[in-house]
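Raw contents of data.cif, mmCIF, C-alpha atoms and all ligand atoms:
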data_query
loop_
_atom_site.label_atom_id
_atom_site.label_comp_id
_atom_site.auth_asym_id
_atom_site.auth_seq_id
_atom_site.Cartn_x
_atom_site.Cartn_y
_atom_site.Cartn_z
CA MET A 3 -25.26 27.31 -4.66
CA ARG A 4 -25.61 28.56 -1.09
CA GLY A 5 -27.59 27.44 1.92
CA THR A 6 -27.81 24.43 4.17
CA MET A 7 -28.80 20.83 3.60
CA ARG A 8 -29.61 17.63 5.41
CA GLY A 9 -26.99 14.88 5.48
CA ILE A 10 -25.24 12.15 7.43
CA CYS A 11 -21.88 13.08 8.82
CA LYS A 12 -19.10 11.00 10.33
CA MET A 13 -18.16 13.47 13.02
CA ARG A 14 -15.28 11.77 14.83
CA PRO A 15 -13.40 8.47 15.09
CA GLY A 16 -15.38 5.73 16.81
CA ARG A 17 -18.78 4.14 16.35
CA GLY A 18 -21.72 6.10 14.96
CA ALA A 19 -22.68 8.91 12.59
CA GLU A 20 -24.81 12.01 12.93
CA TYR A 21 -27.87 13.09 10.95
CA ARG A 22 -27.60 16.88 10.56
CA THR A 23 -29.95 19.47 9.14
CA ASP A 24 -27.45 22.32 9.13
CA LEU A 25 -24.68 21.18 6.78
CA PRO A 26 -23.44 23.73 4.24
CA VAL A 27 -24.27 22.86 0.62
CA PRO A 28 -20.87 21.84 -0.84
CA GLN A 29 -19.03 24.52 -2.80
CA ILE A 30 -17.74 22.90 -5.98
CA THR A 31 -14.34 23.50 -7.59
CA GLU A 32 -13.89 24.28 -11.30
CA ASP A 33 -13.36 20.54 -11.90
CA GLU A 34 -16.55 19.33 -10.23
CA VAL A 35 -20.29 19.31 -10.69
CA LEU A 36 -22.87 19.54 -7.92
CA ILE A 37 -25.59 16.93 -7.99
CA LYS A 38 -28.94 16.94 -6.25
CA VAL A 39 -29.01 13.43 -4.81
CA HIS A 40 -32.16 11.44 -5.64
CA ALA A 41 -31.11 8.07 -4.19
CA SER A 42 -28.08 6.58 -2.46
CA ALA A 43 -27.39 2.98 -1.53
CA ILE A 44 -25.70 1.63 1.58
CA CYS A 45 -22.50 -0.31 0.94
CA GLY A 46 -20.57 -2.65 3.23
CA THR A 47 -18.00 0.14 3.30
CA ASP A 48 -20.55 2.48 4.89
CA VAL A 49 -21.23 -0.13 7.56
CA HIS A 50 -17.47 -0.23 8.25
CA ILE A 51 -17.39 3.57 8.43
CA TYR A 52 -20.33 3.61 10.84
CA HIS A 53 -18.76 0.99 13.10
CA TRP A 54 -15.26 2.44 12.53
CA ASN A 55 -13.23 -0.68 11.87
CA GLU A 56 -9.54 -0.76 10.97
CA TRP A 57 -10.25 -0.23 7.26
CA ALA A 58 -12.17 2.98 7.95
CA ALA A 59 -9.68 4.28 10.53
CA ASN A 60 -6.81 3.79 8.07
CA ARG A 61 -8.48 5.71 5.25
CA MET A 62 -10.59 8.44 6.75
CA LYS A 63 -8.18 11.09 7.93
CA THR A 64 -10.38 14.16 7.40
CA LEU A 65 -13.37 14.33 9.72
CA PRO A 66 -16.09 15.46 9.90
CA ILE A 67 -17.18 14.28 6.46
CA VAL A 68 -20.41 13.33 4.70
CA PHE A 69 -19.96 9.70 3.65
CA GLY A 70 -21.88 7.42 1.23
CA HIS A 71 -20.69 6.77 -2.32
CA GLU A 72 -23.29 4.72 -4.21
CA THR A 73 -25.60 7.33 -5.60
CA ALA A 74 -27.55 8.87 -8.45
CA GLY A 75 -28.90 12.35 -8.96
CA GLU A 76 -29.21 15.27 -11.33
CA ILE A 77 -26.63 17.92 -12.10
CA VAL A 78 -27.59 21.30 -10.65
CA GLU A 79 -24.30 23.21 -10.96
CA ILE A 80 -21.31 22.83 -13.30
CA GLY A 81 -17.66 23.84 -12.68
CA ALA A 82 -15.92 26.03 -15.28
CA ASN A 83 -13.58 23.23 -16.46
CA VAL A 84 -16.31 20.64 -16.92
CA THR A 85 -17.55 20.14 -20.47
CA GLY A 86 -20.09 17.82 -22.03
CA TYR A 87 -22.74 18.03 -19.31
CA GLN A 88 -25.80 20.15 -18.77
CA ILE A 89 -27.93 21.16 -15.82
CA GLY A 90 -30.54 18.44 -15.34
CA ASP A 91 -28.40 15.57 -16.66
CA ARG A 92 -29.12 12.35 -14.75
CA VAL A 93 -25.92 10.77 -13.50
CA SER A 94 -24.30 8.23 -11.21
CA VAL A 95 -20.83 8.41 -9.71
CA GLU A 96 -17.67 6.32 -10.03
CA THR A 97 -16.18 6.05 -6.53
CA HIS A 98 -12.53 5.77 -7.57
CA ILE A 99 -11.12 9.26 -8.17
CA PRO A 100 -8.00 8.86 -10.35
CA CYS A 101 -4.97 11.19 -10.38
CA ASN A 102 -4.58 10.84 -14.19
CA HIS A 103 -0.76 11.04 -13.92
CA CYS A 104 0.56 7.81 -12.39
CA PHE A 105 1.72 4.69 -14.25
CA GLN A 106 -1.68 2.97 -13.83
CA CYS A 107 -3.63 6.02 -14.98
CA GLU A 108 -1.39 6.44 -18.01
CA ASN A 109 -1.80 2.79 -18.94
CA GLY A 110 -5.56 2.48 -19.04
CA ARG A 111 -6.03 1.33 -15.45
CA ARG A 112 -7.35 4.44 -13.77
CA HIS A 113 -9.52 2.33 -11.46
CA ILE A 114 -6.37 1.12 -9.67
CA CYS A 115 -4.63 4.52 -9.66
CA GLU A 116 -1.67 4.68 -7.32
CA ASN A 117 -2.87 7.96 -5.79
CA MET A 118 -6.54 7.11 -5.76
CA LYS A 119 -8.97 9.15 -3.71
CA LEU A 120 -12.39 7.76 -2.82
CA PHE A 121 -15.69 9.60 -3.23
CA GLY A 122 -17.61 9.34 0.04
CA VAL A 123 -14.62 7.98 1.97
CA THR A 124 -11.61 10.28 1.65
CA GLU A 125 -13.69 12.99 -0.09
CA PRO A 126 -17.21 14.27 0.69
CA GLY A 127 -19.95 11.88 -0.44
CA ALA A 128 -23.61 11.36 -1.08
CA PHE A 129 -25.63 10.64 2.07
CA ALA A 130 -26.98 14.18 1.78
CA GLU A 131 -29.23 16.35 -0.36
CA TYR A 132 -26.32 17.54 -2.51
CA ALA A 133 -22.90 16.11 -3.38
CA PRO A 134 -19.83 17.43 -5.21
CA VAL A 135 -18.70 15.06 -7.98
CA PRO A 136 -15.27 15.25 -9.70
CA LYS A 137 -15.60 15.51 -13.49
CA ASP A 138 -13.64 12.25 -13.99
CA CYS A 139 -16.24 10.35 -11.99
CA ILE A 140 -19.49 11.41 -13.64
CA VAL A 141 -21.42 8.58 -15.32
CA ARG A 142 -24.47 9.37 -17.40
CA LEU A 143 -27.51 7.17 -16.69
CA GLY A 144 -29.00 5.38 -19.68
CA ALA A 145 -32.59 5.99 -20.75
CA GLY A 146 -34.97 4.04 -18.55
CA VAL A 147 -32.46 3.73 -15.71
CA THR A 148 -34.21 5.14 -12.64
CA TYR A 149 -32.33 6.96 -9.87
CA GLU A 150 -32.88 3.94 -7.60
CA MET A 151 -31.27 1.68 -10.19
CA GLY A 152 -28.56 4.29 -10.76
CA ALA A 153 -27.66 4.21 -7.07
CA MET A 154 -27.02 0.47 -7.34
CA LEU A 155 -24.73 0.62 -10.37
CA GLU A 156 -21.48 1.22 -8.49
CA ALA A 157 -21.92 -1.95 -6.44
CA MET A 158 -23.25 -3.81 -9.47
CA GLY A 159 -20.14 -2.72 -11.37
CA ALA A 160 -17.80 -4.27 -8.81
CA GLY A 161 -19.60 -7.58 -9.29
CA VAL A 162 -19.85 -7.24 -13.06
CA HIS A 163 -16.11 -6.55 -13.21
CA GLY A 164 -15.71 -9.92 -11.47
CA VAL A 165 -17.98 -11.53 -14.06
CA GLU A 166 -15.90 -9.97 -16.86
CA LYS A 167 -12.71 -11.43 -15.37
CA ALA A 168 -14.31 -14.85 -14.86
CA ARG A 169 -15.16 -15.07 -18.62
CA VAL A 170 -18.38 -16.94 -18.00
CA ARG A 171 -19.82 -17.39 -21.51
CA GLY A 172 -20.77 -21.03 -21.97
CA LYS A 173 -19.32 -21.90 -18.55
CA THR A 174 -20.50 -23.31 -15.26
CA VAL A 175 -20.02 -20.65 -12.58
CA LEU A 176 -20.13 -20.87 -8.81
CA VAL A 177 -21.24 -17.63 -7.14
CA SER A 178 -20.51 -17.57 -3.40
CA GLY A 179 -22.54 -15.05 -1.38
CA CYS A 180 -26.00 -13.78 -2.34
CA GLY A 181 -25.99 -10.33 -0.81
CA PRO A 182 -26.83 -7.46 -3.20
CA ILE A 183 -23.58 -7.80 -5.20
CA GLY A 184 -23.87 -11.59 -5.38
CA LEU A 185 -27.43 -11.33 -6.65
CA MET A 186 -26.37 -8.88 -9.34
CA VAL A 187 -23.46 -11.19 -10.20
CA VAL A 188 -25.90 -14.07 -10.71
CA GLY A 189 -27.99 -11.93 -13.08
CA ALA A 190 -24.88 -10.66 -14.87
CA CYS A 191 -23.58 -14.23 -15.37
CA ARG A 192 -26.89 -15.02 -17.06
CA ALA A 193 -26.73 -11.90 -19.21
CA HIS A 194 -23.14 -12.78 -20.18
CA GLY A 195 -24.24 -16.21 -21.38
CA ALA A 196 -23.13 -18.54 -18.61
CA LYS A 197 -24.27 -22.13 -19.18
CA GLN A 198 -25.03 -22.91 -15.56
CA VAL A 199 -25.02 -20.70 -12.46
CA ILE A 200 -24.70 -22.30 -9.03
CA ALA A 201 -25.29 -19.83 -6.18
CA CYS A 202 -24.59 -20.43 -2.53
CA ASP A 203 -25.32 -18.65 0.73
CA ILE A 204 -26.30 -19.60 4.27
CA LEU A 205 -29.64 -17.73 4.28
CA PRO A 206 -32.66 -19.31 2.51
CA GLU A 207 -34.27 -15.88 1.78
CA LYS A 208 -31.17 -14.83 -0.15
CA LEU A 209 -31.07 -18.12 -2.07
CA LYS A 210 -34.66 -17.57 -3.11
CA LEU A 211 -33.71 -14.19 -4.58
CA ALA A 212 -30.74 -15.83 -6.33
CA GLU A 213 -33.24 -18.11 -8.08
CA GLU A 214 -35.24 -15.07 -9.14
CA MET A 215 -32.03 -13.58 -10.56
CA GLY A 216 -31.55 -16.69 -12.67
CA ALA A 217 -29.48 -19.16 -10.65
CA ASP A 218 -29.98 -22.71 -11.97
CA VAL A 219 -29.00 -24.30 -8.69
CA THR A 220 -28.87 -22.87 -5.17
CA VAL A 221 -26.92 -24.47 -2.35
CA ASN A 222 -27.29 -23.68 1.34
CA SER A 223 -23.66 -23.79 2.37
CA GLY A 224 -24.69 -23.98 6.03
CA GLU A 225 -26.31 -27.33 5.31
CA ARG A 226 -24.46 -28.82 2.37
CA ASP A 227 -20.81 -29.23 1.45
CA ILE A 228 -20.15 -26.85 -1.46
CA VAL A 229 -17.44 -28.96 -3.09
CA GLN A 230 -19.66 -32.04 -3.12
CA ALA A 231 -22.70 -30.10 -4.28
CA VAL A 232 -20.83 -28.54 -7.21
CA ARG A 233 -19.31 -31.88 -8.25
CA GLN A 234 -22.76 -33.43 -8.16
CA GLU A 235 -24.20 -30.70 -10.38
CA THR A 236 -21.34 -30.93 -12.89
CA ALA A 237 -21.08 -34.70 -13.28
CA GLY A 238 -17.92 -34.71 -11.18
CA ALA A 239 -16.07 -32.11 -13.25
CA GLY A 240 -16.24 -29.05 -10.99
CA ALA A 241 -17.08 -25.46 -11.93
CA ASP A 242 -15.23 -23.65 -14.73
CA ALA A 243 -15.18 -20.43 -12.74
CA ALA A 244 -15.91 -19.27 -9.22
CA ILE A 245 -16.71 -15.73 -8.08
CA ASP A 246 -16.48 -15.05 -4.37
CA ILE A 247 -18.38 -12.15 -2.87
CA THR A 248 -18.27 -13.37 0.74
CA GLY A 249 -14.61 -12.74 1.56
CA SER A 250 -14.95 -15.66 3.95
CA GLY A 251 -11.86 -17.87 4.20
CA ARG A 252 -13.97 -21.00 4.36
CA ALA A 253 -15.99 -20.03 1.29
CA ILE A 254 -12.85 -19.12 -0.67
CA VAL A 255 -11.13 -22.45 0.05
CA ALA A 256 -14.32 -24.34 -0.76
CA GLY A 257 -14.69 -22.34 -3.99
CA LEU A 258 -11.12 -23.17 -5.03
CA ARG A 259 -11.73 -26.88 -4.42
CA ALA A 260 -15.05 -26.78 -6.28
CA LEU A 261 -13.23 -25.63 -9.46
CA ARG A 262 -12.16 -28.00 -12.18
CA ARG A 263 -8.44 -28.11 -12.98
CA GLY A 264 -7.44 -25.00 -14.91
CA GLY A 265 -10.47 -23.12 -13.59
CA ARG A 266 -10.63 -19.45 -12.83
CA PHE A 267 -11.24 -17.88 -9.42
CA VAL A 268 -12.21 -14.24 -8.95
CA SER A 269 -12.28 -12.55 -5.53
CA VAL A 270 -14.68 -9.63 -5.22
CA GLY A 271 -15.36 -9.82 -1.46
CA LEU A 272 -12.73 -8.67 1.00
CA PRO A 273 -11.51 -11.09 3.67
CA ASN A 274 -10.99 -9.67 7.13
CA GLY A 275 -7.22 -10.06 7.44
CA GLU A 276 -5.12 -12.96 6.15
CA ILE A 277 -6.59 -16.35 5.25
CA PRO A 278 -4.74 -19.68 4.99
CA VAL A 279 -4.77 -21.27 1.51
CA ASN A 280 -2.99 -24.44 0.42
CA LEU A 281 -1.31 -22.98 -2.67
CA THR A 282 0.31 -26.28 -3.70
CA GLU A 283 -2.81 -28.44 -3.72
CA ASP A 284 -5.54 -25.92 -4.43
CA ILE A 285 -3.91 -23.54 -6.91
CA ILE A 286 -0.49 -24.53 -8.27
CA TYR A 287 -0.92 -28.23 -9.16
CA ARG A 288 -4.41 -27.55 -10.45
CA GLU A 289 -3.32 -24.52 -12.49
CA VAL A 290 -6.09 -22.37 -11.10
CA GLU A 291 -6.00 -18.76 -12.28
CA TYR A 292 -6.68 -16.50 -9.32
CA THR A 293 -7.41 -12.81 -9.58
CA GLY A 294 -9.13 -10.04 -7.67
CA VAL A 295 -11.06 -7.01 -8.83
CA SER A 296 -10.96 -3.53 -7.38
CA GLY A 297 -13.90 -1.42 -8.40
CA ARG A 298 -14.90 -1.08 -12.02
CA GLN A 299 -12.94 -0.58 -15.24
CA MET A 300 -13.34 3.07 -16.12
CA PHE A 301 -15.61 3.09 -17.91
CA ALA A 302 -15.97 -0.19 -19.81
CA THR A 303 -17.61 -1.91 -16.84
CA TRP A 304 -20.17 0.89 -16.48
CA ASP A 305 -21.09 0.48 -20.16
CA ASP A 306 -21.34 -3.25 -19.57
CA CYS A 307 -23.70 -2.62 -16.62
CA MET A 308 -25.95 -0.34 -18.69
CA GLU A 309 -26.12 -3.08 -21.33
CA ILE A 310 -26.92 -5.78 -18.78
CA LEU A 311 -29.76 -3.60 -17.44
CA GLN A 312 -31.25 -3.68 -20.95
CA SER A 313 -30.86 -7.41 -21.46
CA PRO A 314 -34.07 -9.42 -21.58
CA GLY A 315 -34.85 -11.18 -18.32
CA PHE A 316 -32.55 -9.02 -16.19
CA SER A 317 -34.18 -7.07 -13.39
CA LEU A 318 -32.82 -5.26 -10.36
CA LYS A 319 -36.18 -5.60 -8.57
CA PRO A 320 -35.21 -8.63 -6.47
CA VAL A 321 -32.06 -6.78 -5.36
CA MET A 322 -33.93 -3.77 -3.96
CA GLY A 323 -34.11 -4.37 -0.22
CA GLY A 324 -35.81 -1.31 1.23
CA SER A 325 -35.98 2.50 1.13
CA TYR A 326 -35.31 4.72 4.11
CA PRO A 327 -35.24 8.49 4.62
CA LEU A 328 -31.86 10.12 5.35
CA ASP A 329 -32.56 10.13 9.09
CA GLY A 330 -33.30 6.39 8.90
CA LEU A 331 -29.71 5.20 8.49
CA GLU A 332 -29.78 3.34 11.81
CA ASP A 333 -32.98 1.47 10.84
CA ALA A 334 -31.39 0.50 7.53
CA LEU A 335 -28.22 -0.69 9.28
CA ALA A 336 -30.34 -2.74 11.69
CA ALA A 337 -32.07 -4.40 8.73
CA ILE A 338 -28.70 -5.24 7.18
CA GLN A 339 -27.50 -6.59 10.53
CA ARG A 340 -30.60 -8.81 10.73
CA GLY A 341 -29.63 -10.32 7.37
CA ALA A 342 -32.51 -8.70 5.47
CA PRO A 343 -31.86 -9.47 1.79
CA GLY A 344 -31.25 -6.88 -0.92
CA LYS A 345 -29.78 -3.40 -1.14
CA MET A 346 -30.92 -0.69 1.30
CA LEU A 347 -31.49 2.76 -0.21
CA LEU A 348 -31.50 6.19 1.41
CA ILE A 349 -33.81 8.70 -0.25
CA PRO A 350 -33.06 12.33 0.74
ZN ZN B 1 -19.74 0.53 -2.47
ZN ZN B 2 -3.25 7.70 -11.01
#
Kindly transcribe the structure held in the file into structure tokens.
Amino acid sequence: MRGTMRGICKMRPGRGAEYRTDLPVPQITEDEVLIKVHASAICGTDVHIYHWNEWAANRMKTLPIVFGHETAGEIVEIGANVTGYQIGDRVSVETHIPCNHCFQCENGRRHICENMKLFGVTEPGAFAEYAPVPKDCIVRLGAGVTYEMGAMLEAMGAGVHGVEKARVRGKTVLVSGCGPIGLMVVGACRAHGAKQVIACDILPEKLKLAEEMGADVTVNSGERDIVQAVRQETAGAGADAAIDITGSGRAIVAGLRALRRGGRFVSVGLPNGEIPVNLTEDIIYREVEYTGVSGRQMFATWDDCMEILQSPGFSLKPVMGGSYPLDGLEDALAAIQRGAPGKMLLIP
């Protein structure tokens, strides 16, 4: 395909990004498809890229680049080496681009590939009318999954991967942080058969949405002590599992202490730098199992997400924050900055 398109480009190191109307439509390789983007969602990562923090500076070596990685669209062009797809197929995109040759890739862990590239970070992404998608990263959307929902699946998958690791069936789970991923985690805990879901955040609007997603108890951690609140709700026992989406040191320590002995802690959110943890008291003596998740299992977690979307009572509606045109990125970022709840979408 030839011609120009509209898109959002990170032009140079430093704060900001540029909305352009003159970007070339990406030329795909034999191992890629071209998608016409119908909806993209804004991730915390995109906020980092816009503001150009250390994380972004360390990873983005090739500028200018179209960024944005949470997306859904239809295939409009297919590379010669890509089989199994047709023009018009509705798809989403896995962000982690595996090398297929390293130890991790060869042992069923392509999502933590040692040579991983990132769609929309190290490689061109989806805040544009068209995006090139590597064949290993194409995910077909299930029937009834709209493009808006499809654009939220990548972020949902990160949270659902955390829910998978927390093994929540029949358990009491503490979910810390009710941003878009936290809200989807609350719903996924329900769909996975958790006995009781306790959600916490510091913003009442977000806690209200957590209730809509199926939280049994919500705790305003700005007003109440989390450890005490969880003990109260569990007759003194503590939670069986905790999933942290905040990345806040305070929330992580509180989450660890809110667990019962032998409980399971899963970190989804990324702390900014190192955080102090009392390993002896809070993990070792209490035999807490601590793990993190990086992205989604390829592609078991995506299948899991599609199933959760079908489960009775689960809806992504409360998670949809607002829709903006491509040239409205700054308005969307301002809404996120204000603490507006839910996921912000860009519609080309
Ligand atoms: Zn993301
Ligand atoms: Zn690899």
What does the list of residues within 12 Å of ligand ZN 2 (chain B) look like if you count only C-alpha atoms and all ligand atoms, written as a PDB file with C-alpha atoms, in the frame of the given file?
ATOM      1  CA  HIS A  98     -12.530   5.770  -7.570  1.00  0.00           C
ATOM      2  CA  ILE A  99     -11.120   9.260  -8.170  1.00  0.00           C
ATOM      3  CA  PRO A 100      -8.000   8.860 -10.350  1.00  0.00           C
ATOM      4  CA  CYS A 101      -4.970  11.190 -10.380  1.00  0.00           C
ATOM      5  CA  ASN A 102      -4.580  10.840 -14.190  1.00  0.00           C
ATOM      6  CA  HIS A 103      -0.760  11.040 -13.920  1.00  0.00           C
ATOM      7  CA  CYS A 104       0.560   7.810 -12.390  1.00  0.00           C
ATOM      8  CA  PHE A 105       1.720   4.690 -14.250  1.00  0.00           C
ATOM      9  CA  GLN A 106      -1.680   2.970 -13.830  1.00  0.00           C
ATOM     10  CA  CYS A 107      -3.630   6.020 -14.980  1.00  0.00           C
ATOM     11  CA  GLU A 108      -1.390   6.440 -18.010  1.00  0.00           C
ATOM     12  CA  ASN A 109      -1.800   2.790 -18.940  1.00  0.00           C
ATOM     13  CA  GLY A 110      -5.560   2.480 -19.040  1.00  0.00           C
ATOM     14  CA  ARG A 111      -6.030   1.330 -15.450  1.00  0.00           C
ATOM     15  CA  ARG A 112      -7.350   4.440 -13.770  1.00  0.00           C
ATOM     16  CA  HIS A 113      -9.520   2.330 -11.460  1.00  0.00           C
ATOM     17  CA  ILE A 114      -6.370   1.120  -9.670  1.00  0.00           C
ATOM     18  CA  CYS A 115      -4.630   4.520  -9.660  1.00  0.00           C
ATOM     19  CA  GLU A 116      -1.670   4.680  -7.320  1.00  0.00           C
ATOM     20  CA  ASN A 117      -2.870   7.960  -5.790  1.00  0.00           C
ATOM     21  CA  MET A 118      -6.540   7.110  -5.760  1.00  0.00           C
ATOM     22  CA  LYS A 119      -8.970   9.150  -3.710  1.00  0.00           C
ATOM     23  CA  ASP A 138     -13.640  12.250 -13.990  1.00  0.00           C
TER      24      ASP A 138
END
Please check which protein, DNA or RNA residues sit within 10 Å of ligand ZN 1 (chain B), counting only C-alpha atoms and all ligand atoms, and write them as a list of chain:residue names. A:Ala43, A:Ile44, A:Cys45, A:Gly46, A:Thr47, A:Asp48, A:Gly70, A:His71, A:Glu72, A:Thr73, A:Glu96, A:Thr97, A:Phe121, A:Gly122, A:Ala153, A:Met154, A:Leu155, A:Glu156, A:Ala157, A:Met158, A:Gly159, A:Ala160, A:Ile183, A:Gly297
Check the smallest atom-to-atom distance from each of A:Met322, A:Thr23, A:Arg233, A:Cys202 to Asp218 (chain A) using all atoms listed in the file, then report the winner.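 Result for the nearest residue to Asp218 (chain A): A:Cys202.
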Taking all atoms of region 281-292 of chain A that the file lists, what box with edges along x, y and z, padded by 8 Å per side, do you get, with centre and edge lengths in Å to one decimal, as JSON?
{"center_x": -3.2, "center_y": -22.5, "center_z": -7.6, "size_x": 23.0, "size_y": 27.9, "size_z": 25.8}
For Cys191 (chain A), the nearest of the candidates A:Tyr87, A:Phe316, A:Tyr292, A:Phe301, counting all atoms listed in the file: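 Comparing A:Tyr87, A:Phe316, A:Tyr292, A:Phe301 against Cys191 (chain A), the winner is A:Phe316.
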State, in Å with one decimal place, the distance from CA of Val78 (chain A) to CA of Gly90 (chain A).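 We find that CA of Val78 (chain A) and CA of Gly90 (chain A) lie 6.2 Å from each other.
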Identify, on the basis of all atoms listed in the file, every residue whose closest approach to Ile286 (chain A) does not exceed 12 Å; exclude the query and any residue fewer than 6 positions from it along the same chain; express the result as a VMD selection string. chain A and resid 258 263 to 265 279 to 280 292
Take the residues from that selection and write them out as a PDB file, keeping the file's coordinate frame, keeping C-alpha atoms.
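Result went into again33.pdb, see below:
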ATOM      1  CA  LEU A 258     -11.120 -23.170  -5.030  1.00  0.00           C
ATOM      2  CA  ARG A 263      -8.440 -28.110 -12.980  1.00  0.00           C
ATOM      3  CA  GLY A 264      -7.440 -25.000 -14.910  1.00  0.00           C
ATOM      4  CA  GLY A 265     -10.470 -23.120 -13.590  1.00  0.00           C
ATOM      5  CA  VAL A 279      -4.770 -21.270   1.510  1.00  0.00           C
ATOM      6  CA  ASN A 280      -2.990 -24.440   0.420  1.00  0.00           C
ATOM      7  CA  TYR A 292      -6.680 -16.500  -9.320  1.00  0.00           C
TER       8      TYR A 292
END
As JSON, numbers by chain, please: the residues near Asn83 (chain A) (cut-off 9 Å, all atoms listed in the file, same-chain neighbours under 4 positions excluded). {"A": [31, 32, 33, 34, 137]}
Nearest residue to Ala212 (chain A) out of A:Gln230, A:Gln312, A:Ser317, A:Gln299, using only C-alpha atoms?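 Answer, going by the shortest atom-to-atom distance: A:Ser317.
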Residues near Val187 (chain A), cut-off 7 Å, all atoms listed in the file, skip fewer than 3 positions along chain, as a list in words: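 Surrounding residues, per the criterion: Gly161, Val162, Val165, Ile183, Gly184, Ala190 and Cys191 of chain A.
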Given all atoms listed in the file as the counted atoms, nearest of A:Ala82, A:Val35, A:Cys11, A:Leu209 to Pro136 (chain A): A:Val35
Rounded to one decimal, what separation in Å do you get between CA of Thr124 (chain A) and CA of Gly179 (chain A)?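 Calculated distance between CA of Thr124 (chain A) and CA of Gly179 (chain A) is 27.8 Å.
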For Ala145 (chain A), which residue among A:Met308, A:Ala74, A:Val255, A:Met215 is the nearest when counting only C-alpha atoms? A:Met308
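CA of Glu309 (chain A) to CA of Pro134 (chain A) spans 26.8 Å [interatomic distance, one decimal].
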Among listed residues A:Leu331, A:Ala260, A:Asp306, A:Met186, nearest Gly18 (chain A) (using all atoms listed in the file):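 With all atoms listed in the file as the atom set, the closest residue is A:Leu331.
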List as a ChimeraX atom specification the protein and nucleic acid residues near Lys12 (chain A), meaning an atom at most 8 Å away when only C-alpha atoms are counted, but skip any in the same chain fewer than 4 places from it. /A:18-20,51-52,65-69
